[in-house]
Each structure stands twice: as structure tokens, then as C-alpha cells.
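Novice: What follows is final20.txt, compact mmCIF, all heavy atoms.
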# COMPACT_ATOMS: atom_id res chain seq x y z
N MET K 1 21.09 31.54 44.84
CA MET K 1 22.32 31.94 45.48
C MET K 1 22.94 30.78 46.24
O MET K 1 24.14 30.63 46.23
CB MET K 1 22.07 33.10 46.43
CG MET K 1 21.74 34.42 45.75
SD MET K 1 23.10 35.09 44.81
CE MET K 1 24.24 35.50 46.09
N ASP K 2 22.10 29.98 46.91
CA ASP K 2 22.64 28.85 47.66
C ASP K 2 23.38 27.88 46.77
O ASP K 2 24.42 27.34 47.14
CB ASP K 2 21.53 28.12 48.41
CG ASP K 2 20.98 28.95 49.57
OD1 ASP K 2 21.70 29.84 50.05
OD2 ASP K 2 19.84 28.71 49.97
N ILE K 3 22.85 27.64 45.58
CA ILE K 3 23.50 26.71 44.65
C ILE K 3 24.86 27.25 44.25
O ILE K 3 25.84 26.51 44.22
CB ILE K 3 22.62 26.47 43.40
CG1 ILE K 3 21.35 25.73 43.79
CG2 ILE K 3 23.39 25.73 42.33
CD1 ILE K 3 20.33 25.63 42.69
N LEU K 4 24.92 28.53 43.95
CA LEU K 4 26.21 29.13 43.59
C LEU K 4 27.19 29.07 44.74
O LEU K 4 28.36 28.74 44.55
CB LEU K 4 26.01 30.58 43.14
CG LEU K 4 25.18 30.81 41.88
CD1 LEU K 4 25.01 32.31 41.65
CD2 LEU K 4 25.82 30.15 40.68
N ASN K 5 26.72 29.35 45.94
CA ASN K 5 27.60 29.32 47.11
C ASN K 5 28.11 27.91 47.39
O ASN K 5 29.28 27.73 47.71
CB ASN K 5 26.87 29.87 48.34
CG ASN K 5 26.66 31.36 48.26
OD1 ASN K 5 27.40 32.06 47.58
ND2 ASN K 5 25.64 31.84 48.95
N LYS K 6 27.24 26.91 47.27
CA LYS K 6 27.64 25.53 47.52
C LYS K 6 28.71 25.07 46.53
O LYS K 6 29.56 24.27 46.86
CB LYS K 6 26.44 24.60 47.45
CG LYS K 6 25.53 24.70 48.65
CD LYS K 6 24.34 23.78 48.52
CE LYS K 6 23.39 23.99 49.68
NZ LYS K 6 22.18 23.17 49.55
N ARG K 7 28.63 25.57 45.32
CA ARG K 7 29.60 25.18 44.29
C ARG K 7 30.78 26.15 44.23
O ARG K 7 31.62 26.06 43.35
CB ARG K 7 28.92 25.11 42.93
CG ARG K 7 27.88 24.00 42.88
CD ARG K 7 27.26 23.91 41.55
NE ARG K 7 26.24 22.87 41.56
CZ ARG K 7 25.66 22.40 40.49
NH1 ARG K 7 26.00 22.88 39.30
NH2 ARG K 7 24.75 21.48 40.58
N ASP K 8 30.80 27.10 45.15
CA ASP K 8 31.87 28.09 45.23
C ASP K 8 32.02 28.87 43.91
O ASP K 8 33.13 29.11 43.43
CB ASP K 8 33.19 27.43 45.63
CG ASP K 8 34.17 28.45 46.19
OD1 ASP K 8 33.72 29.47 46.74
OD2 ASP K 8 35.39 28.22 46.05
N ILE K 9 30.87 29.24 43.35
CA ILE K 9 30.85 30.02 42.11
C ILE K 9 30.54 31.47 42.48
O ILE K 9 29.49 31.76 43.05
CB ILE K 9 29.78 29.50 41.13
CG1 ILE K 9 30.08 28.04 40.75
CG2 ILE K 9 29.71 30.38 39.88
CD1 ILE K 9 28.98 27.39 39.94
N PRO K 10 31.45 32.39 42.18
CA PRO K 10 31.20 33.79 42.53
C PRO K 10 30.13 34.40 41.61
O PRO K 10 30.00 34.04 40.45
CB PRO K 10 32.55 34.46 42.30
CG PRO K 10 33.24 33.61 41.29
CD PRO K 10 32.75 32.21 41.53
N LEU K 11 29.37 35.31 42.16
CA LEU K 11 28.35 36.02 41.41
C LEU K 11 28.91 37.38 41.02
O LEU K 11 29.28 38.18 41.89
CB LEU K 11 27.09 36.18 42.26
CG LEU K 11 25.90 36.85 41.61
CD1 LEU K 11 25.43 36.06 40.39
CD2 LEU K 11 24.77 37.00 42.59
N ASP K 12 29.00 37.63 39.74
CA ASP K 12 29.50 38.91 39.23
C ASP K 12 28.30 39.75 38.83
O ASP K 12 27.65 39.47 37.82
CB ASP K 12 30.42 38.66 38.04
CG ASP K 12 31.03 39.95 37.50
OD1 ASP K 12 30.99 40.97 38.21
OD2 ASP K 12 31.52 39.92 36.37
N ILE K 13 28.00 40.76 39.61
CA ILE K 13 26.83 41.60 39.33
C ILE K 13 27.22 42.62 38.28
O ILE K 13 28.06 43.49 38.49
CB ILE K 13 26.33 42.29 40.61
CG1 ILE K 13 25.92 41.23 41.62
CG2 ILE K 13 25.18 43.24 40.29
CD1 ILE K 13 25.58 41.78 42.98
N ALA K 14 26.58 42.51 37.11
CA ALA K 14 26.90 43.38 35.99
C ALA K 14 25.97 44.58 35.90
O ALA K 14 26.32 45.60 35.33
CB ALA K 14 26.82 42.59 34.69
N LEU K 15 24.78 44.45 36.47
CA LEU K 15 23.77 45.47 36.27
C LEU K 15 22.75 45.43 37.39
O LEU K 15 22.34 44.35 37.83
CB LEU K 15 23.07 45.18 34.93
CG LEU K 15 22.00 46.11 34.43
CD1 LEU K 15 22.60 47.47 34.07
CD2 LEU K 15 21.34 45.52 33.20
N ASN K 16 22.32 46.57 37.84
CA ASN K 16 21.20 46.67 38.78
C ASN K 16 20.07 47.40 38.08
O ASN K 16 20.31 48.46 37.47
CB ASN K 16 21.60 47.45 40.04
CG ASN K 16 22.51 46.67 40.95
OD1 ASN K 16 22.27 45.49 41.18
ND2 ASN K 16 23.53 47.31 41.46
N VAL K 17 18.87 46.86 38.15
CA VAL K 17 17.72 47.49 37.52
C VAL K 17 16.62 47.67 38.56
O VAL K 17 16.57 46.95 39.55
CB VAL K 17 17.20 46.66 36.32
CG1 VAL K 17 18.21 46.66 35.19
CG2 VAL K 17 16.88 45.24 36.73
N PRO K 18 15.71 48.62 38.33
CA PRO K 18 14.71 48.95 39.35
C PRO K 18 13.56 47.96 39.49
O PRO K 18 12.88 47.95 40.50
CB PRO K 18 14.20 50.32 38.91
CG PRO K 18 14.41 50.35 37.44
CD PRO K 18 15.66 49.54 37.20
N ASP K 19 13.32 47.14 38.47
CA ASP K 19 12.19 46.23 38.56
C ASP K 19 12.43 44.97 37.72
O ASP K 19 13.34 44.92 36.90
CB ASP K 19 10.90 46.92 38.11
CG ASP K 19 11.03 47.52 36.73
OD1 ASP K 19 11.17 46.77 35.75
OD2 ASP K 19 11.01 48.76 36.63
N VAL K 20 11.62 43.96 37.95
CA VAL K 20 11.78 42.66 37.29
C VAL K 20 11.58 42.78 35.79
O VAL K 20 12.31 42.17 35.00
CB VAL K 20 10.80 41.64 37.89
CG1 VAL K 20 10.89 40.31 37.17
CG2 VAL K 20 11.05 41.45 39.36
N GLU K 21 10.60 43.55 35.37
CA GLU K 21 10.32 43.69 33.94
C GLU K 21 11.53 44.23 33.18
O GLU K 21 11.85 43.77 32.09
CB GLU K 21 9.09 44.57 33.70
CG GLU K 21 7.78 43.92 34.10
CD GLU K 21 7.46 44.06 35.58
OE1 GLU K 21 8.22 44.73 36.31
OE2 GLU K 21 6.46 43.48 36.01
N SER K 22 12.21 45.19 33.77
CA SER K 22 13.42 45.74 33.14
C SER K 22 14.52 44.68 33.06
O SER K 22 15.21 44.58 32.05
CB SER K 22 13.94 46.95 33.93
OG SER K 22 13.00 47.99 33.91
N ALA K 23 14.66 43.91 34.12
CA ALA K 23 15.68 42.85 34.13
C ALA K 23 15.39 41.81 33.05
O ALA K 23 16.30 41.37 32.34
CB ALA K 23 15.72 42.18 35.50
N ILE K 24 14.13 41.44 32.90
CA ILE K 24 13.76 40.47 31.87
C ILE K 24 14.06 41.03 30.48
O ILE K 24 14.59 40.33 29.62
CB ILE K 24 12.27 40.08 32.00
CG1 ILE K 24 12.08 39.26 33.29
CG2 ILE K 24 11.79 39.30 30.79
CD1 ILE K 24 10.64 39.01 33.65
N SER K 25 13.75 42.29 30.28
CA SER K 25 14.02 42.92 28.98
C SER K 25 15.51 42.93 28.67
O SER K 25 15.92 42.63 27.55
CB SER K 25 13.46 44.35 28.98
OG SER K 25 13.73 44.98 27.76
N VAL K 26 16.32 43.28 29.65
CA VAL K 26 17.77 43.30 29.45
C VAL K 26 18.28 41.90 29.10
O VAL K 26 19.07 41.73 28.17
CB VAL K 26 18.50 43.85 30.70
CG1 VAL K 26 19.99 43.61 30.62
CG2 VAL K 26 18.21 45.33 30.88
N CYS K 27 17.81 40.91 29.82
CA CYS K 27 18.26 39.53 29.58
C CYS K 27 17.82 39.02 28.21
O CYS K 27 18.54 38.26 27.57
CB CYS K 27 17.75 38.60 30.67
SG CYS K 27 18.55 38.90 32.26
N ARG K 28 16.65 39.44 27.76
CA ARG K 28 16.17 39.02 26.44
C ARG K 28 17.05 39.55 25.32
O ARG K 28 17.15 38.95 24.26
CB ARG K 28 14.73 39.50 26.22
CG ARG K 28 13.72 38.71 27.02
CD ARG K 28 12.32 39.18 26.76
NE ARG K 28 11.99 38.94 25.36
CZ ARG K 28 11.07 39.60 24.69
NH1 ARG K 28 10.38 40.55 25.28
NH2 ARG K 28 10.83 39.32 23.43
N HIS K 29 17.67 40.69 25.56
CA HIS K 29 18.46 41.34 24.51
C HIS K 29 19.97 41.27 24.77
O HIS K 29 20.73 42.07 24.21
CB HIS K 29 18.02 42.80 24.38
CG HIS K 29 16.59 42.92 23.95
ND1 HIS K 29 15.57 43.12 24.85
CD2 HIS K 29 16.02 42.83 22.73
CE1 HIS K 29 14.42 43.17 24.19
NE2 HIS K 29 14.66 43.00 22.91
N SER K 30 20.39 40.34 25.60
CA SER K 30 21.81 40.21 25.90
C SER K 30 22.12 38.76 26.29
O SER K 30 21.24 37.91 26.25
CB SER K 30 22.20 41.14 27.05
OG SER K 30 21.66 40.68 28.27
N ASP K 31 23.34 38.53 26.69
CA ASP K 31 23.71 37.20 27.16
C ASP K 31 23.81 37.16 28.69
O ASP K 31 24.38 36.24 29.26
CB ASP K 31 25.02 36.74 26.53
CG ASP K 31 26.20 37.61 26.91
OD1 ASP K 31 25.99 38.70 27.47
OD2 ASP K 31 27.34 37.21 26.63
N LEU K 32 23.22 38.16 29.34
CA LEU K 32 23.23 38.21 30.80
C LEU K 32 22.22 37.22 31.38
O LEU K 32 21.23 36.88 30.75
CB LEU K 32 22.91 39.62 31.30
CG LEU K 32 23.92 40.70 30.95
CD1 LEU K 32 23.40 42.06 31.41
CD2 LEU K 32 25.26 40.40 31.59
N LEU K 33 22.47 36.79 32.58
CA LEU K 33 21.62 35.86 33.30
C LEU K 33 21.01 36.58 34.49
O LEU K 33 21.71 37.29 35.22
CB LEU K 33 22.45 34.67 33.78
CG LEU K 33 21.77 33.66 34.66
CD1 LEU K 33 20.73 32.89 33.84
CD2 LEU K 33 22.80 32.71 35.22
N MET K 34 19.71 36.40 34.70
CA MET K 34 19.05 37.06 35.81
C MET K 34 18.92 36.09 36.98
O MET K 34 18.44 34.98 36.81
CB MET K 34 17.65 37.53 35.39
CG MET K 34 16.88 38.21 36.50
SD MET K 34 15.28 38.87 36.00
CE MET K 34 14.32 37.39 35.82
N CYS K 35 19.36 36.51 38.13
CA CYS K 35 19.18 35.76 39.37
C CYS K 35 18.20 36.54 40.22
O CYS K 35 18.49 37.66 40.63
CB CYS K 35 20.50 35.59 40.11
SG CYS K 35 21.68 34.60 39.22
N TYR K 36 17.05 35.95 40.47
CA TYR K 36 16.00 36.64 41.21
C TYR K 36 15.20 35.59 41.98
O TYR K 36 14.96 34.51 41.46
CB TYR K 36 15.06 37.34 40.21
CG TYR K 36 14.66 38.73 40.59
CD1 TYR K 36 15.44 39.81 40.24
CD2 TYR K 36 13.49 38.95 41.29
CE1 TYR K 36 15.05 41.10 40.58
CE2 TYR K 36 13.11 40.23 41.63
CZ TYR K 36 13.90 41.30 41.27
OH TYR K 36 13.52 42.56 41.61
N PRO K 37 14.76 35.87 43.18
CA PRO K 37 13.96 34.89 43.92
C PRO K 37 12.65 34.60 43.20
O PRO K 37 12.00 35.51 42.68
CB PRO K 37 13.68 35.57 45.26
CG PRO K 37 14.62 36.71 45.34
CD PRO K 37 15.00 37.09 43.94
N TYR K 38 12.29 33.32 43.15
CA TYR K 38 11.05 32.94 42.47
C TYR K 38 9.85 33.67 43.07
O TYR K 38 8.94 34.06 42.34
CB TYR K 38 10.84 31.43 42.54
CG TYR K 38 9.54 31.01 41.91
CD1 TYR K 38 9.36 31.11 40.53
CD2 TYR K 38 8.49 30.56 42.68
CE1 TYR K 38 8.18 30.75 39.94
CE2 TYR K 38 7.29 30.20 42.09
CZ TYR K 38 7.13 30.30 40.73
OH TYR K 38 5.94 29.95 40.16
N SER K 39 9.85 33.87 44.37
CA SER K 39 8.72 34.55 45.01
C SER K 39 8.49 35.94 44.44
O SER K 39 7.38 36.45 44.45
CB SER K 39 8.93 34.63 46.52
OG SER K 39 10.11 35.36 46.81
N ALA K 40 9.55 36.55 43.92
CA ALA K 40 9.44 37.90 43.36
C ALA K 40 8.95 37.90 41.92
O ALA K 40 8.42 38.90 41.44
CB ALA K 40 10.78 38.61 43.44
N VAL K 41 9.10 36.79 41.21
CA VAL K 41 8.72 36.76 39.80
C VAL K 41 7.56 35.81 39.50
O VAL K 41 7.14 35.71 38.36
CB VAL K 41 9.92 36.39 38.89
CG1 VAL K 41 10.98 37.44 38.94
CG2 VAL K 41 10.46 35.03 39.23
N LYS K 42 7.02 35.16 40.52
CA LYS K 42 5.97 34.17 40.24
C LYS K 42 4.73 34.80 39.62
O LYS K 42 4.06 34.15 38.82
CB LYS K 42 5.63 33.36 41.49
CG LYS K 42 5.00 34.12 42.61
CD LYS K 42 4.77 33.19 43.78
CE LYS K 42 4.25 33.94 44.98
NZ LYS K 42 4.10 33.04 46.12
N HIS K 43 4.41 36.06 39.92
CA HIS K 43 3.25 36.69 39.29
C HIS K 43 3.50 36.90 37.80
O HIS K 43 2.58 36.80 36.99
CB HIS K 43 2.89 38.00 39.99
CG HIS K 43 3.86 39.11 39.77
ND1 HIS K 43 5.04 39.22 40.48
CD2 HIS K 43 3.84 40.15 38.91
CE1 HIS K 43 5.69 40.29 40.06
NE2 HIS K 43 5.00 40.87 39.10
N ILE K 44 4.72 37.17 37.41
CA ILE K 44 5.06 37.34 36.00
C ILE K 44 4.94 36.00 35.28
O ILE K 44 4.41 35.92 34.18
CB ILE K 44 6.46 37.93 35.83
CG1 ILE K 44 6.47 39.36 36.36
CG2 ILE K 44 6.93 37.87 34.38
CD1 ILE K 44 7.82 39.99 36.41
N VAL K 45 5.39 34.94 35.94
CA VAL K 45 5.27 33.60 35.37
C VAL K 45 3.79 33.24 35.21
O VAL K 45 3.37 32.72 34.17
CB VAL K 45 6.00 32.56 36.24
CG1 VAL K 45 5.72 31.14 35.77
CG2 VAL K 45 7.49 32.83 36.25
N ALA K 46 2.98 33.54 36.21
CA ALA K 46 1.55 33.24 36.14
C ALA K 46 0.88 34.01 35.00
O ALA K 46 0.05 33.46 34.28
CB ALA K 46 0.88 33.57 37.47
N GLU K 47 1.24 35.26 34.82
CA GLU K 47 0.68 36.07 33.73
C GLU K 47 1.10 35.49 32.38
O GLU K 47 0.29 35.43 31.45
CB GLU K 47 1.14 37.52 33.83
CG GLU K 47 0.49 38.29 34.95
CD GLU K 47 1.03 39.71 35.06
OE1 GLU K 47 1.68 40.19 34.11
OE2 GLU K 47 0.79 40.33 36.10
N ALA K 48 2.34 35.07 32.27
CA ALA K 48 2.82 34.49 31.01
C ALA K 48 2.06 33.21 30.70
O ALA K 48 1.67 32.98 29.55
CB ALA K 48 4.32 34.23 31.08
N LEU K 49 1.83 32.38 31.69
CA LEU K 49 1.09 31.14 31.47
C LEU K 49 -0.35 31.44 31.06
O LEU K 49 -0.92 30.75 30.22
CB LEU K 49 1.11 30.27 32.73
CG LEU K 49 2.47 29.67 33.08
CD1 LEU K 49 2.39 28.92 34.41
CD2 LEU K 49 2.96 28.74 31.97
N SER K 50 -0.93 32.49 31.63
CA SER K 50 -2.29 32.88 31.25
C SER K 50 -2.34 33.34 29.81
O SER K 50 -3.31 33.08 29.10
CB SER K 50 -2.80 33.99 32.16
OG SER K 50 -2.93 33.54 33.48
N LEU K 51 -1.31 34.04 29.35
CA LEU K 51 -1.27 34.49 27.97
C LEU K 51 -1.09 33.32 27.01
O LEU K 51 -1.66 33.30 25.92
CB LEU K 51 -0.13 35.49 27.76
CG LEU K 51 -0.34 36.87 28.40
CD1 LEU K 51 0.92 37.69 28.28
CD2 LEU K 51 -1.51 37.58 27.78
N LEU K 52 -0.27 32.35 27.42
CA LEU K 52 -0.03 31.19 26.56
C LEU K 52 -1.23 30.27 26.50
O LEU K 52 -1.46 29.62 25.47
CB LEU K 52 1.19 30.40 27.06
CG LEU K 52 2.53 31.12 26.94
CD1 LEU K 52 3.63 30.30 27.63
CD2 LEU K 52 2.89 31.34 25.48
N ASN K 53 -1.98 30.20 27.58
CA ASN K 53 -3.15 29.33 27.64
C ASN K 53 -4.30 30.12 28.25
O ASN K 53 -4.61 29.96 29.43
CB ASN K 53 -2.84 28.07 28.47
CG ASN K 53 -3.95 27.07 28.42
OD1 ASN K 53 -4.95 27.27 27.75
ND2 ASN K 53 -3.80 25.99 29.16
N PRO K 54 -4.99 30.93 27.46
CA PRO K 54 -6.03 31.81 28.02
C PRO K 54 -7.23 31.08 28.60
O PRO K 54 -8.01 31.66 29.34
CB PRO K 54 -6.43 32.69 26.83
CG PRO K 54 -6.03 31.90 25.64
CD PRO K 54 -4.84 31.08 26.05
N TYR K 55 -7.42 29.80 28.28
CA TYR K 55 -8.57 29.04 28.78
C TYR K 55 -8.27 28.31 30.07
O TYR K 55 -9.07 27.54 30.56
CB TYR K 55 -9.04 28.05 27.71
CG TYR K 55 -9.39 28.77 26.44
CD1 TYR K 55 -8.59 28.64 25.31
CD2 TYR K 55 -10.51 29.60 26.38
CE1 TYR K 55 -8.88 29.32 24.14
CE2 TYR K 55 -10.80 30.30 25.21
CZ TYR K 55 -9.99 30.14 24.11
OH TYR K 55 -10.30 30.81 22.96
N ARG K 56 -7.12 28.53 30.61
CA ARG K 56 -6.69 27.87 31.85
C ARG K 56 -7.40 28.43 33.04
O ARG K 56 -7.67 29.52 33.25
CB ARG K 56 -5.18 28.04 31.98
CG ARG K 56 -4.63 27.32 33.13
CD ARG K 56 -3.13 27.43 33.07
NE ARG K 56 -2.64 26.80 34.29
CZ ARG K 56 -1.48 26.99 34.78
NH1 ARG K 56 -0.63 27.76 34.20
NH2 ARG K 56 -1.09 26.39 35.87
Mind turning the file's structure into C-alpha cells?

Specialist:
Amino acid sequence: MDILNKRDIPLDIALNVPDVESAISVCRHSDLLMCYPYSAVKHIVAEALSLLNPYR
């Protein structure tokens, strides 16, 4: 959000979803962009990395 605000780029909220997994699914099947704090999605990123490299 800070980057958008500094560049004076308005955020147009197209959709509200109840959880991160739903937001990811919507973005995968559309041209929408998800803006979410990293602290809220870091566990999903960690799980994805574990799936990609199970010996890690």
C-alpha cells in the first residue's frame, strides 16, 4: 500500500474474499492482482516451498 500511495496510484478494490486461499484461487483464474500483507501469507509461501523442495 505504501508503494501505491507514494506513487499516487489509487487502489480499486474489485473483490473481497474471506481468506487468502480464496484470493489466490481467484487471482489464478483471472487478471486480478492480490494485495495482501506478507505477514498474512508467509505460511502459504513456506508451505509452497516445502512442496517444491520436500527435502528442505

Novice: In file coordinates, which residues lie within 4.5 Å of (21.0, 46.0, 32.0) using all heavy atoms, given as an MDAnalysis selection string?

Specialist: chainID K and resid 15 17 26

Novice: As a list of chain:residue names, please: all residues of chain K that backbone DSSP puts in alpha helix (DSSP H).

Specialist: K:Asp2, K:Ile3, K:Leu4, K:Asn5, K:Lys6, K:Val20, K:Glu21, K:Ser22, K:Ala23, K:Ile24, K:Ser25, K:Val26, K:Cys27, K:Arg28, K:Tyr38, K:Ser39, K:Ala40, K:Val41, K:Lys42, K:His43, K:Ile44, K:Val45, K:Ala46, K:Glu47, K:Ala48, K:Leu49, K:Ser50, K:Leu51, K:Leu52

Novice: Expressed in Å to a single decimal, how great is the separation between atom N of Ser30 (chain K) and atom N of Glu47 (chain K)?

Specialist: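 Straight-line distance from atom N of Ser30 (chain K) to atom N of Glu47 (chain K) works out to 21.9 Å.
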
Novice: Can you work out which one of K:Ile9, K:Ile44, K:Leu49, K:Cys35 has the shortest atom-to-atom distance to Glu21 (chain K), counting all atoms listed in the file?

Specialist: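 Closest residue, counting all atoms listed in the file: K:Ile44.
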
Novice: Rounded to one decimal, what separation in Å do you get between CA of Pro37 (chain K) and CA of Asp2 (chain K)?

Specialist: 11.2 Å

Novice: For Leu32 (chain K), which residue among K:Val20, K:Asp8, K:Ala46, K:Ala14 is the nearest when counting all heavy atoms?

Specialist: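 Counting all heavy atoms, the residue closest to Leu32 (chain K) is K:Ala14.
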
Novice: Provide the CA of Asp12 (chain K) to CA of Lys42 (chain K) distance in Å, to one decimal place.

Specialist: 24.0 Å

Novice: Identify which of the residues K:Asn53, K:Ile13, K:Lys6, K:Asp19 lies closest to Val41 (chain K), counting only C-alpha atoms when measuring atom-to-atom distances.

Specialist: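 Of K:Asn53, K:Ile13, K:Lys6, K:Asp19, the one nearest Val41 (chain K) is K:Asp19, counting only C-alpha atoms.
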